Structures are given as structure tokens and as C-alpha cells.
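Shown next: my_file15.pdb, given as PDB, C-alpha atoms.
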```pdb
ATOM      1  CA  MET Y  39      -0.578  -3.638 137.350
ATOM      2  CA  ARG Y  40      -3.453  -6.013 137.681
ATOM      3  CA  SER Y  41      -6.813  -4.877 138.877
ATOM      4  CA  HIS Y  42      -8.101  -5.635 142.360
ATOM      5  CA  ILE Y  43     -11.297  -5.006 144.231
ATOM      6  CA  VAL Y  44     -11.123  -1.578 145.862
ATOM      7  CA  PHE Y  45     -12.309  -1.092 149.411
ATOM      8  CA  SER Y  46     -15.541   0.935 149.366
ATOM      9  CA  LEU Y  47     -15.889   3.916 151.660
ATOM     10  CA  TRP Y  48     -17.619   1.961 154.392
ATOM     11  CA  ILE Y  49     -14.625  -0.373 154.523
ATOM     12  CA  ALA Y  50     -12.113   2.449 155.092
ATOM     13  CA  ILE Y  51      -9.652   1.459 157.753
ATOM     14  CA  ALA Y  52      -7.675   3.788 159.972
ATOM     15  CA  ALA Y  53      -4.017   2.829 160.307
ATOM     16  CA  THR Y  54      -1.694   3.671 163.175
ATOM     17  CA  ALA Y  55       2.000   4.429 163.121
ATOM     18  CA  CYS Y  56       4.733   5.800 165.353
ATOM     19  CA  ASN Y  57       6.394   9.121 164.686
ATOM     20  CA  ARG Y  58       9.795   7.558 165.363
ATOM     21  CA  PRO Y  59       9.845   3.958 164.142
ATOM     22  CA  PRO Y  60      12.306   1.577 165.777
ATOM     23  CA  SER Y  61      15.561   0.453 164.232
ATOM     24  CA  ASP Y  62      14.190  -2.916 163.106
ATOM     25  CA  GLN Y  63      12.069  -1.309 160.395
ATOM     26  CA  HIS Y  64      12.051  -2.547 156.798
ATOM     27  CA  SER Y  65      11.494  -0.465 153.668
ATOM     28  CA  TYR Y  66       9.999  -1.542 150.346
ATOM     29  CA  PRO Y  67       9.607   0.357 147.055
ATOM     30  CA  VAL Y  68       5.975   0.763 145.983
ATOM     31  CA  HIS Y  69       4.560   1.707 142.580
ATOM     32  CA  GLY Y  70       0.858   2.389 142.273
ATOM     33  CA  GLN Y  71      -2.044   4.683 141.503
ATOM     34  CA  VAL Y  72      -3.813   6.932 143.997
ATOM     35  CA  GLN Y  73      -7.462   5.904 144.274
ATOM     36  CA  SER Y  74      -8.679   8.226 147.035
ATOM     37  CA  ILE Y  75      -7.439  10.476 149.827
ATOM     38  CA  ASP Y  76      -8.709  10.708 153.410
ATOM     39  CA  ALA Y  77      -6.897  13.763 154.778
ATOM     40  CA  PRO Y  78      -8.462  13.734 158.285
ATOM     41  CA  ARG Y  79      -7.178  10.184 158.844
ATOM     42  CA  LYS Y  80      -3.882  10.819 157.004
ATOM     43  CA  LEU Y  81      -4.685   7.995 154.570
ATOM     44  CA  VAL Y  82      -4.130   7.443 150.883
ATOM     45  CA  THR Y  83      -5.755   4.475 149.163
ATOM     46  CA  LEU Y  84      -3.288   3.057 146.677
ATOM     47  CA  LYS Y  85      -3.731   0.393 144.009
ATOM     48  CA  HIS Y  86      -0.204  -0.932 143.801
ATOM     49  CA  ASP Y  87       1.881  -3.556 142.061
ATOM     50  CA  GLU Y  88       3.382  -6.479 143.938
ATOM     51  CA  ILE Y  89       5.651  -5.333 146.754
ATOM     52  CA  LYS Y  90       8.404  -7.850 146.174
ATOM     53  CA  GLY Y  91       9.395  -9.795 149.227
ATOM     54  CA  PHE Y  92       6.435  -8.507 151.225
ATOM     55  CA  MET Y  93       2.956  -8.651 149.705
ATOM     56  CA  PRO Y  94       1.115  -9.158 146.405
ATOM     57  CA  ALA Y  95      -0.542  -6.446 144.347
ATOM     58  CA  MET Y  96      -3.696  -5.068 145.905
ATOM     59  CA  THR Y  97      -5.689  -1.962 146.683
ATOM     60  CA  MET Y  98      -5.780  -0.706 150.252
ATOM     61  CA  PRO Y  99      -5.461   2.398 152.449
ATOM     62  CA  TYR Y 100      -2.093   3.357 153.900
ATOM     63  CA  GLN Y 101      -1.117   6.002 156.407
ATOM     64  CA  VAL Y 102       1.363   8.594 155.179
ATOM     65  CA  ALA Y 103       4.356   9.704 157.214
ATOM     66  CA  ASP Y 104       3.873  13.358 156.228
ATOM     67  CA  PRO Y 105       0.196  14.407 155.952
ATOM     68  CA  ASN Y 106       1.229  17.486 153.961
ATOM     69  CA  VAL Y 107       1.942  15.217 150.998
ATOM     70  CA  LEU Y 108      -1.779  14.570 150.661
ATOM     71  CA  THR Y 109      -2.290  18.161 149.484
ATOM     72  CA  THR Y 110      -0.068  17.404 146.486
ATOM     73  CA  LEU Y 111      -1.824  14.198 145.443
ATOM     74  CA  THR Y 112      -4.957  13.702 143.370
ATOM     75  CA  PRO Y 113      -6.885  10.486 142.616
ATOM     76  CA  GLY Y 114      -5.503   9.136 139.349
ATOM     77  CA  ASP Y 115      -1.902  10.104 140.085
ATOM     78  CA  VAL Y 116       0.637   7.351 139.455
ATOM     79  CA  VAL Y 117       3.324   7.453 142.124
ATOM     80  CA  ASP Y 118       6.463   5.812 143.371
ATOM     81  CA  SER Y 119       6.839   5.700 147.145
ATOM     82  CA  THR Y 120       8.397   3.746 149.984
ATOM     83  CA  LEU Y 121       6.496   1.554 152.418
ATOM     84  CA  VAL Y 122       8.133   1.573 155.846
ATOM     85  CA  VAL Y 123       7.077  -1.353 158.049
ATOM     86  CA  PHE Y 124       8.040  -1.623 161.698
ATOM     87  CA  SER Y 125       6.996  -3.692 164.684
ATOM     88  CA  ASN Y 126       3.600  -2.113 165.315
ATOM     89  CA  GLY Y 127       2.869   0.051 162.298
ATOM     90  CA  ALA Y 128       3.499   1.023 158.698
ATOM     91  CA  HIS Y 129       3.391   4.167 156.572
ATOM     92  CA  LEU Y 130       4.195   5.454 153.099
ATOM     93  CA  THR Y 131       6.854   8.081 152.497
ATOM     94  CA  ASN Y 132       9.117   9.477 149.723
ATOM     95  CA  PHE Y 133       6.319  10.093 147.230
ATOM     96  CA  LYS Y 134       7.226  10.919 143.648
ATOM     97  CA  LYS Y 135       4.553  11.540 141.029
ATOM     98  CA  VAL Y 136       5.527   9.747 137.807
ATOM     99  CA  GLY Y 137       2.342  10.105 135.773
ATOM    100  CA  THR Y 138      -1.425  10.120 135.765
ATOM    101  CA  ALA Y 139      -4.076   7.800 134.344
ATOM    102  CA  PRO Y 140      -7.857   7.484 134.383
ATOM    103  CA  LEU Y 141      -9.188   5.587 137.354
ATOM    104  CA  ASP Y 142     -10.744   2.209 136.691
ATOM    105  CA  ALA Y 143     -14.508   2.341 136.607
ATOM    106  CA  PRO Y 144     -15.904   1.026 139.913
ATOM    107  CA  PRO Y 145     -17.621  -2.338 139.696
ATOM    108  CA  PRO Y 146     -21.433  -2.251 139.569
ATOM    109  CA  GLU Y 147     -22.974  -2.165 142.996
ATOM    110  CA  ALA Y 148     -24.187  -5.500 144.260
ATOM    111  CA  PRO Y 149     -27.807  -5.790 145.351
ATOM    112  CA  ALA Y 150     -28.433  -4.956 148.967
ATOM    113  CA  PRO Y 151     -28.133  -8.003 151.212
ATOM    114  CA  SER Y 152     -31.407  -9.757 151.852
ATOM    115  CA  ALA Y 153     -32.591 -12.313 154.343
ATOM    116  CA  SER Y 154     -33.135 -14.843 151.557
ATOM    117  CA  SER Y 155     -29.472 -14.601 150.513
ATOM    118  CA  GLY Y 156     -28.264 -15.401 154.005
ATOM    119  CA  PHE Y 157     -26.021 -12.310 154.060
ATOM    120  CA  GLU Y 158     -28.262  -9.765 155.736
ATOM    121  CA  LEU Y 159     -26.297  -7.743 158.257
ATOM    122  CA  ILE Y 160     -27.133  -8.614 161.831
ATOM    123  CA  LYS Y 161     -28.452  -5.673 163.822
ATOM    124  CA  PRO Y 162     -27.654  -5.104 167.502
ATOM    125  CA  GLY Y 163     -30.104  -7.062 169.606
ATOM    126  CA  ALA Y 164     -30.699  -9.693 166.925
ATOM    127  CA  PRO Y 165     -29.615 -13.332 167.430
ATOM    128  CA  VAL Y 166     -26.277 -14.338 165.949
ATOM    129  CA  PRO Y 167     -26.814 -17.368 163.688
ATOM    130  CA  ASP Y 168     -25.139 -20.604 164.628
ATOM    131  CA  ALA Y 169     -22.257 -21.910 162.520
ATOM    132  CA  SER Y 170     -19.877 -24.877 162.579
ATOM    133  CA  PHE Y 171     -16.125 -24.512 162.989
ATOM    134  CA  VAL Y 172     -12.989 -26.418 163.948
ATOM    135  CA  ASP Y 173     -10.853 -25.040 166.772
ATOM    136  CA  GLN Y 174      -7.077 -24.898 167.198
ATOM    137  CA  ASP Y 175      -7.119 -28.405 168.688
ATOM    138  CA  GLY Y 176      -8.949 -29.868 165.700
ATOM    139  CA  LYS Y 177     -12.200 -30.238 167.644
ATOM    140  CA  LYS Y 178     -15.534 -29.382 166.079
ATOM    141  CA  ARG Y 179     -17.113 -26.312 167.625
ATOM    142  CA  THR Y 180     -20.349 -24.467 166.991
ATOM    143  CA  PHE Y 181     -20.703 -20.789 167.697
ATOM    144  CA  SER Y 182     -23.645 -21.575 169.950
ATOM    145  CA  SER Y 183     -21.229 -23.444 172.259
ATOM    146  CA  PHE Y 184     -20.079 -20.048 173.545
ATOM    147  CA  LYS Y 185     -23.591 -19.131 174.638
ATOM    148  CA  GLY Y 186     -23.744 -18.160 178.286
ATOM    149  CA  SER Y 187     -20.606 -16.026 178.116
ATOM    150  CA  PRO Y 188     -20.040 -12.589 176.619
ATOM    151  CA  VAL Y 189     -17.948 -13.050 173.470
ATOM    152  CA  VAL Y 190     -15.579 -10.657 171.748
ATOM    153  CA  MET Y 191     -14.909 -11.947 168.223
ATOM    154  CA  THR Y 192     -12.698 -10.768 165.386
ATOM    155  CA  PHE Y 193     -11.742 -12.072 161.928
ATOM    156  CA  ILE Y 194      -8.136 -12.375 160.682
ATOM    157  CA  TYR Y 195      -5.690 -14.491 158.726
ATOM    158  CA  THR Y 196      -2.279 -15.367 160.132
ATOM    159  CA  LYS Y 197      -0.306 -14.436 156.992
ATOM    160  CA  CYS Y 198      -1.633 -10.862 156.942
ATOM    161  CA  PRO Y 199       1.545  -8.802 156.347
ATOM    162  CA  LEU Y 200       0.666  -5.333 157.651
ATOM    163  CA  PRO Y 201       1.117  -4.726 161.393
ATOM    164  CA  THR Y 202      -1.886  -2.377 161.454
ATOM    165  CA  PHE Y 203      -4.362  -4.960 160.172
ATOM    166  CA  CYS Y 204      -4.736  -8.540 161.467
ATOM    167  CA  PRO Y 205      -1.616  -8.414 163.682
ATOM    168  CA  LEU Y 206      -3.097  -5.376 165.421
ATOM    169  CA  MET Y 207      -6.265  -7.352 166.150
ATOM    170  CA  ASP Y 208      -4.068 -10.054 167.702
ATOM    171  CA  ARG Y 209      -2.224  -7.495 169.834
ATOM    172  CA  HIS Y 210      -5.490  -5.917 170.981
ATOM    173  CA  PHE Y 211      -6.866  -9.310 172.028
ATOM    174  CA  ALA Y 212      -3.629 -10.159 173.841
ATOM    175  CA  THR Y 213      -3.915  -6.885 175.746
ATOM    176  CA  MET Y 214      -7.546  -7.538 176.667
ATOM    177  CA  GLN Y 215      -6.723 -11.068 177.779
ATOM    178  CA  LYS Y 216      -4.541  -9.716 180.593
ATOM    179  CA  THR Y 217      -7.410  -7.631 182.002
ATOM    180  CA  LEU Y 218      -9.938 -10.451 181.602
ATOM    181  CA  LYS Y 219      -7.724 -12.659 183.762
ATOM    182  CA  SER Y 220      -7.384 -10.106 186.539
ATOM    183  CA  GLU Y 221     -10.803  -8.419 186.689
ATOM    184  CA  PRO Y 222     -13.520 -10.505 188.384
ATOM    185  CA  ALA Y 223     -16.389  -8.720 186.635
ATOM    186  CA  LEU Y 224     -14.987  -9.791 183.252
ATOM    187  CA  LYS Y 225     -13.873 -13.331 184.078
ATOM    188  CA  ALA Y 226     -16.683 -14.871 181.992
ATOM    189  CA  VAL Y 227     -15.734 -13.029 178.775
ATOM    190  CA  HIS Y 228     -14.447 -15.284 175.984
ATOM    191  CA  LEU Y 229     -12.281 -14.133 173.068
ATOM    192  CA  VAL Y 230     -12.815 -15.732 169.658
ATOM    193  CA  THR Y 231     -10.569 -15.288 166.618
ATOM    194  CA  VAL Y 232     -11.913 -16.641 163.322
ATOM    195  CA  SER Y 233      -9.591 -17.158 160.340
ATOM    196  CA  PHE Y 234     -11.037 -16.558 156.889
ATOM    197  CA  ASP Y 235      -8.030 -18.329 155.316
ATOM    198  CA  PRO Y 236      -8.708 -21.971 156.277
ATOM    199  CA  THR Y 237      -6.493 -23.354 153.509
ATOM    200  CA  VAL Y 238      -3.421 -21.978 155.280
ATOM    201  CA  ASP Y 239      -4.765 -21.557 158.793
ATOM    202  CA  THR Y 240      -5.252 -25.196 159.696
ATOM    203  CA  PRO Y 241      -5.708 -26.172 163.375
ATOM    204  CA  PRO Y 242      -1.946 -26.806 163.866
ATOM    205  CA  VAL Y 243      -1.145 -23.389 162.369
ATOM    206  CA  LEU Y 244      -3.691 -21.725 164.645
ATOM    207  CA  LYS Y 245      -2.335 -23.641 167.636
ATOM    208  CA  LYS Y 246       1.162 -22.360 166.861
ATOM    209  CA  HIS Y 247      -0.214 -18.843 166.319
ATOM    210  CA  ALA Y 248      -1.986 -18.985 169.690
ATOM    211  CA  LYS Y 249       1.242 -20.054 171.397
ATOM    212  CA  GLU Y 250       3.142 -17.154 169.827
ATOM    213  CA  LEU Y 251       0.516 -14.791 171.267
ATOM    214  CA  ASN Y 252       0.678 -16.447 174.701
ATOM    215  CA  ALA Y 253      -3.042 -17.046 174.338
ATOM    216  CA  ASP Y 254      -4.837 -18.628 177.270
ATOM    217  CA  LEU Y 255      -6.913 -21.199 175.407
ATOM    218  CA  THR Y 256      -9.346 -21.472 178.300
ATOM    219  CA  ARG Y 257     -10.595 -17.986 177.447
ATOM    220  CA  TRP Y 258      -9.337 -17.370 173.875
ATOM    221  CA  THR Y 259     -10.376 -19.742 171.064
ATOM    222  CA  PHE Y 260      -9.119 -19.777 167.473
ATOM    223  CA  LEU Y 261     -11.474 -21.113 164.808
ATOM    224  CA  THR Y 262     -11.234 -22.279 161.215
ATOM    225  CA  GLY Y 263     -13.490 -24.439 159.051
ATOM    226  CA  ASP Y 264     -15.135 -24.542 155.652
ATOM    227  CA  ARG Y 265     -14.231 -21.400 153.728
ATOM    228  CA  ASP Y 266     -17.699 -20.778 152.306
ATOM    229  CA  ASP Y 267     -19.311 -21.266 155.699
ATOM    230  CA  ILE Y 268     -16.866 -18.845 157.299
ATOM    231  CA  ASP Y 269     -17.380 -16.272 154.537
ATOM    232  CA  GLN Y 270     -21.143 -16.418 154.971
ATOM    233  CA  PHE Y 271     -20.923 -16.201 158.768
ATOM    234  CA  ALA Y 272     -18.432 -13.299 158.646
ATOM    235  CA  ALA Y 273     -20.474 -11.426 156.038
ATOM    236  CA  ARG Y 274     -23.349 -11.176 158.499
ATOM    237  CA  PHE Y 275     -21.149  -8.804 160.543
ATOM    238  CA  GLY Y 276     -19.997  -6.776 157.518
ATOM    239  CA  VAL Y 277     -16.754  -8.647 156.806
ATOM    240  CA  SER Y 278     -15.785  -8.493 153.130
ATOM    241  CA  VAL Y 279     -13.121 -10.856 151.773
ATOM    242  CA  ALA Y 280     -11.806 -11.031 148.189
ATOM    243  CA  ARG Y 281      -9.235 -13.599 147.073
ATOM    244  CA  ALA Y 282      -7.204 -13.589 143.867
ATOM    245  CA  LEU Y 283      -7.597 -16.822 141.925
ATOM    246  CA  ASN Y 284      -3.955 -16.898 140.824
ATOM    247  CA  ASP Y 285      -2.338 -15.950 144.143
ATOM    248  CA  PRO Y 286      -3.648 -17.397 147.410
ATOM    249  CA  ARG Y 287      -1.602 -14.827 149.364
ATOM    250  CA  ASP Y 288      -3.636 -12.038 147.808
ATOM    251  CA  ILE Y 289      -6.494 -11.533 150.264
ATOM    252  CA  THR Y 290      -8.176  -8.152 150.283
ATOM    253  CA  HIS Y 291     -10.343  -7.689 153.345
ATOM    254  CA  ASN Y 292     -11.802  -5.278 155.838
ATOM    255  CA  LEU Y 293     -11.945  -5.632 159.609
ATOM    256  CA  ARG Y 294     -14.848  -6.199 161.963
ATOM    257  CA  THR Y 295     -14.776  -6.944 165.682
ATOM    258  CA  VAL Y 296     -17.963  -7.653 167.606
ATOM    259  CA  ILE Y 297     -19.343  -8.197 171.093
ATOM    260  CA  VAL Y 298     -21.980 -10.902 171.443
ATOM    261  CA  ASN Y 299     -24.195 -10.968 174.527
ATOM    262  CA  PRO Y 300     -24.343 -14.083 176.760
ATOM    263  CA  ASP Y 301     -27.796 -14.836 175.305
ATOM    264  CA  GLY Y 302     -26.307 -15.025 171.794
ATOM    265  CA  THR Y 303     -27.572 -11.669 170.532
ATOM    266  CA  LEU Y 304     -25.337  -9.063 168.918
ATOM    267  CA  ALA Y 305     -24.310  -6.253 171.259
ATOM    268  CA  LYS Y 306     -21.941  -4.088 169.193
ATOM    269  CA  VAL Y 307     -19.857  -3.985 166.006
ATOM    270  CA  TYR Y 308     -16.520  -2.165 165.728
ATOM    271  CA  THR Y 309     -15.516  -1.135 162.207
ATOM    272  CA  GLY Y 310     -11.943  -1.404 160.959
ATOM    273  CA  ASN Y 311      -9.142  -1.017 163.473
ATOM    274  CA  ASP Y 312     -10.487   2.246 164.838
ATOM    275  CA  TRP Y 313     -11.049   0.811 168.323
ATOM    276  CA  SER Y 314      -8.964   0.225 171.407
ATOM    277  CA  PRO Y 315      -8.804  -2.548 174.003
ATOM    278  CA  GLU Y 316      -9.715   0.027 176.653
ATOM    279  CA  GLY Y 317     -12.865   0.990 174.750
ATOM    280  CA  VAL Y 318     -13.996  -2.612 174.320
ATOM    281  CA  LEU Y 319     -13.284  -3.385 177.978
ATOM    282  CA  ALA Y 320     -15.373  -0.370 178.981
ATOM    283  CA  ASP Y 321     -18.240  -1.670 176.839
ATOM    284  CA  LEU Y 322     -17.887  -5.108 178.424
ATOM    285  CA  ARG Y 323     -18.017  -3.596 181.913
ATOM    286  CA  ALA Y 324     -21.173  -1.706 180.984
ATOM    287  CA  LEU Y 325     -22.657  -4.939 179.644
ATOM    288  CA  ALA Y 326     -21.774  -6.772 182.855
ATOM    289  CA  SER Y 327     -23.341  -4.067 185.024
ATOM    290  CA  GLY Y 328     -26.492  -3.917 182.920
ATOM    291  CA  ASP Y 329     -25.990  -0.282 181.853
TER     292      ASP Y 329
END
```

Just dump the structure as C-alpha cells.
Amino acid sequence: MRSHIVFSLWIAIAATACNRPPSDQHSYPVHGQVQSIDAPRKLVTLKHDEIKGFMPAMTMPYQVADPNVLTTLTPGDVVDSTLVVFSNGAHLTNFKKVGTAPLDAPPPEAPAPSASSGFELIKPGAPVPDASFVDQDGKKRTFSSFKGSPVVMTFIYTKCPLPTFCPLMDRHFATMQKTLKSEPALKAVHLVTVSFDPTVDTPPVLKKHAKELNADLTRWTFLTGDRDDIDQFAARFGVSVARALNDPRDITHNLRTVIVNPDGTLAKVYTGNDWSPEGVLADLRALASGD
């Protein structure tokens, strides 16, 4: 099992799942090593081998179907399990401990971001730096072109396999879009989805993706561009992306969604997928009313 960058604690992502998954679920055998356990969130972080027919080897947190299993697991345990994926969620089940091994030593901590590096995290109230992109129609766009409207922005890639990661961000935005269309106080809000996989997510791919989501492109824009530029822009909001050199499908990432004020300053950052469309809409209403 090849080594991959492990999500640090501040990248931990809550996953959601249904107690009774629908009949169109798919199951995949998983072999990996337990890296950490988050019992309150019913999560186990697993460094696993390739899940054949579904996703490459990587390290990431998964929800467990039975939280009681977490009391039987310890970091370092090598386990076999089953990943169950359904329309709007995923979880691990059928755990079997098959061994134990020392955990890989964590990589040395990188220096704290600095202004000179261009990766300093933007604080609420600070201006969001401008950046150049290409939209789903192949037109050049700058982030400053959205100035004058409140913006809700998230970062995804269209080939993300787990329903509780990038696809959940898409579903949340699709849900918010319906309210934005019908609520006068929010009619100026613009949704922006930025892909950090520009090699695959070309403008035609994003245009097709937008159509599949029934996106109203007058209020929801999909952006791609130069990979390094996107990485630097996304990093300012706390987005971390790691790509395997020998497998372009292997993208390890966290999630960040942000609200940007009409004047181009940062209003709020949501970490992981631990947010709801209703919560973001409430924050947008407060922003619109000046509260």
C-alpha cells in the first residue's frame, strides 16, 4: 500500500449517510490501516489500497455504519472492510482486523503561511485577492468581475467519487439556487464553483457538469484555469490539494466554502462539509439586512 498525504486534524471532514441506504447502492472491498478515530463524528480515517473500480489508494475519513465498531479499533490496526456507496452518502461496514503495524511517521510540519509566500490565510473582513480564470463557456473571467454581488464559492473536481465530498457541495449549491431564484432579498447572490482539476475539468466538461446540475448560469458560474494559479488562490481560503504523480485520479483534498461580501472582502469560511444550505442562506440573509 503506497503512502499518501494524511489529512491533518484541521482538515477533518464530517461525512453524512442514511440509516437505510437505497437499493441502488454499490459495495466495494477495502483493505487499509486505521490512522485515527473520531468517535463523536462516527469517523475512522483509513489509509487504504486502491478500491478497484471506484477510487485509487488514498488516506481519508469515512463514516462507519455502526459507531460501536470504533470502540474495537485502534490507530495502527490493519483491517478489511466494505465501503457502501449510495446516491447521497457512503459508509464503511463489515470490519475485520487482520493485523497491526506501526503508523507512518507524519511528515515534518511546513512553515506557517506568510504574506511573502502568497499563501497567507485570508481573515474575515480582508480583501479577497483577484485571480484569473476561464468559465464554463471558455471566456476569461477574473474573480473581481463578481464584485458588487455577494458570492458563495466552493472548490471541487467533477471526478470526485464520494457522494459526501464534492458531489455534496454540488447538491448544496443546487438547493441554494432554488431559494436564490425565489427570494427577492437574495436575488443578487452569485454562486461560484472552482475546479482544482483543470486538466480534466475543461470548459466543455464544466458546461456539461452544469447542465447535469440544472445550473442557472446567470447566477451560478463554474471556473477553471491554470492549476498553479487555482492552487494558490484556493490555498488562501485553507484549501489543501495533493495529487499523486503517477495517477491523476488520485487527488487528496479538503473542503472549503466561503461567502464573499459585495465589496470583495471575505465574510465567512465553512470548513469541510459540516454546513447546510439553510445555514448559508441564513448567513446571506443576515448579510443582506446588515446584521

With a distance cut-off of 6 Å and only C-alpha atoms, select the neighbouring residues of stretch 251-263 of chain Y, excluding the residue or stretch itself and same-chain residues fewer than 6 positions from it, and output the selection as an mmCIF file with C-alpha atoms, in the coordinates of the input.
```cif
data_model
loop_
_atom_site.group_PDB
_atom_site.id
_atom_site.type_symbol
_atom_site.label_atom_id
_atom_site.label_comp_id
_atom_site.auth_asym_id
_atom_site.auth_seq_id
_atom_site.Cartn_x
_atom_site.Cartn_y
_atom_site.Cartn_z
ATOM 1 C CA PHE Y 171 -16.125 -24.512 162.989
ATOM 2 C CA VAL Y 172 -12.989 -26.418 163.948
ATOM 3 C CA ASP Y 173 -10.853 -25.040 166.772
ATOM 4 C CA GLN Y 174 -7.077 -24.898 167.198
ATOM 5 C CA HIS Y 228 -14.447 -15.284 175.984
ATOM 6 C CA LEU Y 229 -12.281 -14.133 173.068
ATOM 7 C CA VAL Y 230 -12.815 -15.732 169.658
ATOM 8 C CA THR Y 231 -10.569 -15.288 166.618
ATOM 9 C CA VAL Y 232 -11.913 -16.641 163.322
ATOM 10 C CA SER Y 233 -9.591 -17.158 160.340
ATOM 11 C CA PRO Y 236 -8.708 -21.971 156.277
#
```

Residue among Y:Lys185, Y:Arg323, Y:Arg179, Y:Lys135 lying closest to Y:Gly70, counting all atoms listed in the file: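 So, comparing all the options, the nearest one is Y:Lys135.
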
Selection dump of the PyMOL selection byres ((chain Y and resi 85-87) around 12), as number ranges by chain: Y: 39-45, 66-74, 82-84, 88-90, 92-100, 113-121, 141-142, 288, 290

Answer key for the PyMOL selection byres ((chain Y and resi 296) around 7), residues as JSON, numbers by chain: {"Y": [190, 191, 192, 294, 295, 297, 298, 306, 307, 308]}

For atom CA of Y:Ser187 and atom CA of Y:Ala226, the interatomic separation in Å (one decimal):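 Value for the atom CA of Y:Ser187-atom CA of Y:Ala226 distance: 5.6 Å.
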
Sphere at (2.0, 14.7, 154.2), radius 10 Å, counting all atoms listed in the file: residues as a list in words: Ala77, Lys80, Leu81, Gln101, Val102, Ala103, Asp104, Pro105, Asn106, Val107, Leu108, Thr109, Thr110, Leu111, Leu130, Thr131, Asn132 and Phe133 of chain Y

Keeping only C-alpha atoms, write the selected residues to a file as a PDB file, in the coordinates of the input.
```
ATOM      1  CA  ALA Y  77      -6.897  13.763 154.778  1.00  0.00           C
ATOM      2  CA  LYS Y  80      -3.882  10.819 157.004  1.00  0.00           C
ATOM      3  CA  LEU Y  81      -4.685   7.995 154.570  1.00  0.00           C
ATOM      4  CA  GLN Y 101      -1.117   6.002 156.407  1.00  0.00           C
ATOM      5  CA  VAL Y 102       1.363   8.594 155.179  1.00  0.00           C
ATOM      6  CA  ALA Y 103       4.356   9.704 157.214  1.00  0.00           C
ATOM      7  CA  ASP Y 104       3.873  13.358 156.228  1.00  0.00           C
ATOM      8  CA  PRO Y 105       0.196  14.407 155.952  1.00  0.00           C
ATOM      9  CA  ASN Y 106       1.229  17.486 153.961  1.00  0.00           C
ATOM     10  CA  VAL Y 107       1.942  15.217 150.998  1.00  0.00           C
ATOM     11  CA  LEU Y 108      -1.779  14.570 150.661  1.00  0.00           C
ATOM     12  CA  THR Y 109      -2.290  18.161 149.484  1.00  0.00           C
ATOM     13  CA  THR Y 110      -0.068  17.404 146.486  1.00  0.00           C
ATOM     14  CA  LEU Y 111      -1.824  14.198 145.443  1.00  0.00           C
ATOM     15  CA  LEU Y 130       4.195   5.454 153.099  1.00  0.00           C
ATOM     16  CA  THR Y 131       6.854   8.081 152.497  1.00  0.00           C
ATOM     17  CA  ASN Y 132       9.117   9.477 149.723  1.00  0.00           C
ATOM     18  CA  PHE Y 133       6.319  10.093 147.230  1.00  0.00           C
TER      19      PHE Y 133
END
```

Which of Y:Thr217, Y:Thr196, Y:Thr112, Y:Asn299 sits closest to Y:Ala320 [using only C-alpha atoms]: Y:Thr217

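What separates atom CA of Y:Ala128 from atom CA of Y:Asp312 is a distance of 15.3 Å.
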
Selection near Y:Ala273, 10 Å with all atoms listed in the file, sequence-local residues under 2 positions removed, as a PDB file with C-alpha atoms, in the frame of the given file:
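Printed below is result_18.pdb as written:
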```pdb
ATOM      1  CA  PRO Y 151     -28.133  -8.003 151.212  1.00  0.00           C
ATOM      2  CA  GLY Y 156     -28.264 -15.401 154.005  1.00  0.00           C
ATOM      3  CA  PHE Y 157     -26.021 -12.310 154.060  1.00  0.00           C
ATOM      4  CA  GLU Y 158     -28.262  -9.765 155.736  1.00  0.00           C
ATOM      5  CA  LEU Y 159     -26.297  -7.743 158.257  1.00  0.00           C
ATOM      6  CA  ILE Y 160     -27.133  -8.614 161.831  1.00  0.00           C
ATOM      7  CA  ASP Y 267     -19.311 -21.266 155.699  1.00  0.00           C
ATOM      8  CA  ILE Y 268     -16.866 -18.845 157.299  1.00  0.00           C
ATOM      9  CA  ASP Y 269     -17.380 -16.272 154.537  1.00  0.00           C
ATOM     10  CA  GLN Y 270     -21.143 -16.418 154.971  1.00  0.00           C
ATOM     11  CA  PHE Y 271     -20.923 -16.201 158.768  1.00  0.00           C
ATOM     12  CA  PHE Y 275     -21.149  -8.804 160.543  1.00  0.00           C
ATOM     13  CA  GLY Y 276     -19.997  -6.776 157.518  1.00  0.00           C
ATOM     14  CA  VAL Y 277     -16.754  -8.647 156.806  1.00  0.00           C
ATOM     15  CA  SER Y 278     -15.785  -8.493 153.130  1.00  0.00           C
ATOM     16  CA  VAL Y 279     -13.121 -10.856 151.773  1.00  0.00           C
ATOM     17  CA  ARG Y 294     -14.848  -6.199 161.963  1.00  0.00           C
TER      18      ARG Y 294
END
```

Chain and number of each residue from the PyMOL selection byres ((chain Y and resi 319) around 12), as a VMD selection string: chain Y and resid 188 to 190 210 to 211 213 to 218 221 223 to 225 227 229 297 313 to 318 320 to 326

Nearest to Y:Val166 by atom-to-atom distance, counting all atoms listed in the file, from Y:Ala305, Y:Ala139, Y:Val123, Y:Gln63: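 For Y:Val166, the nearest of the candidates is Y:Ala305.
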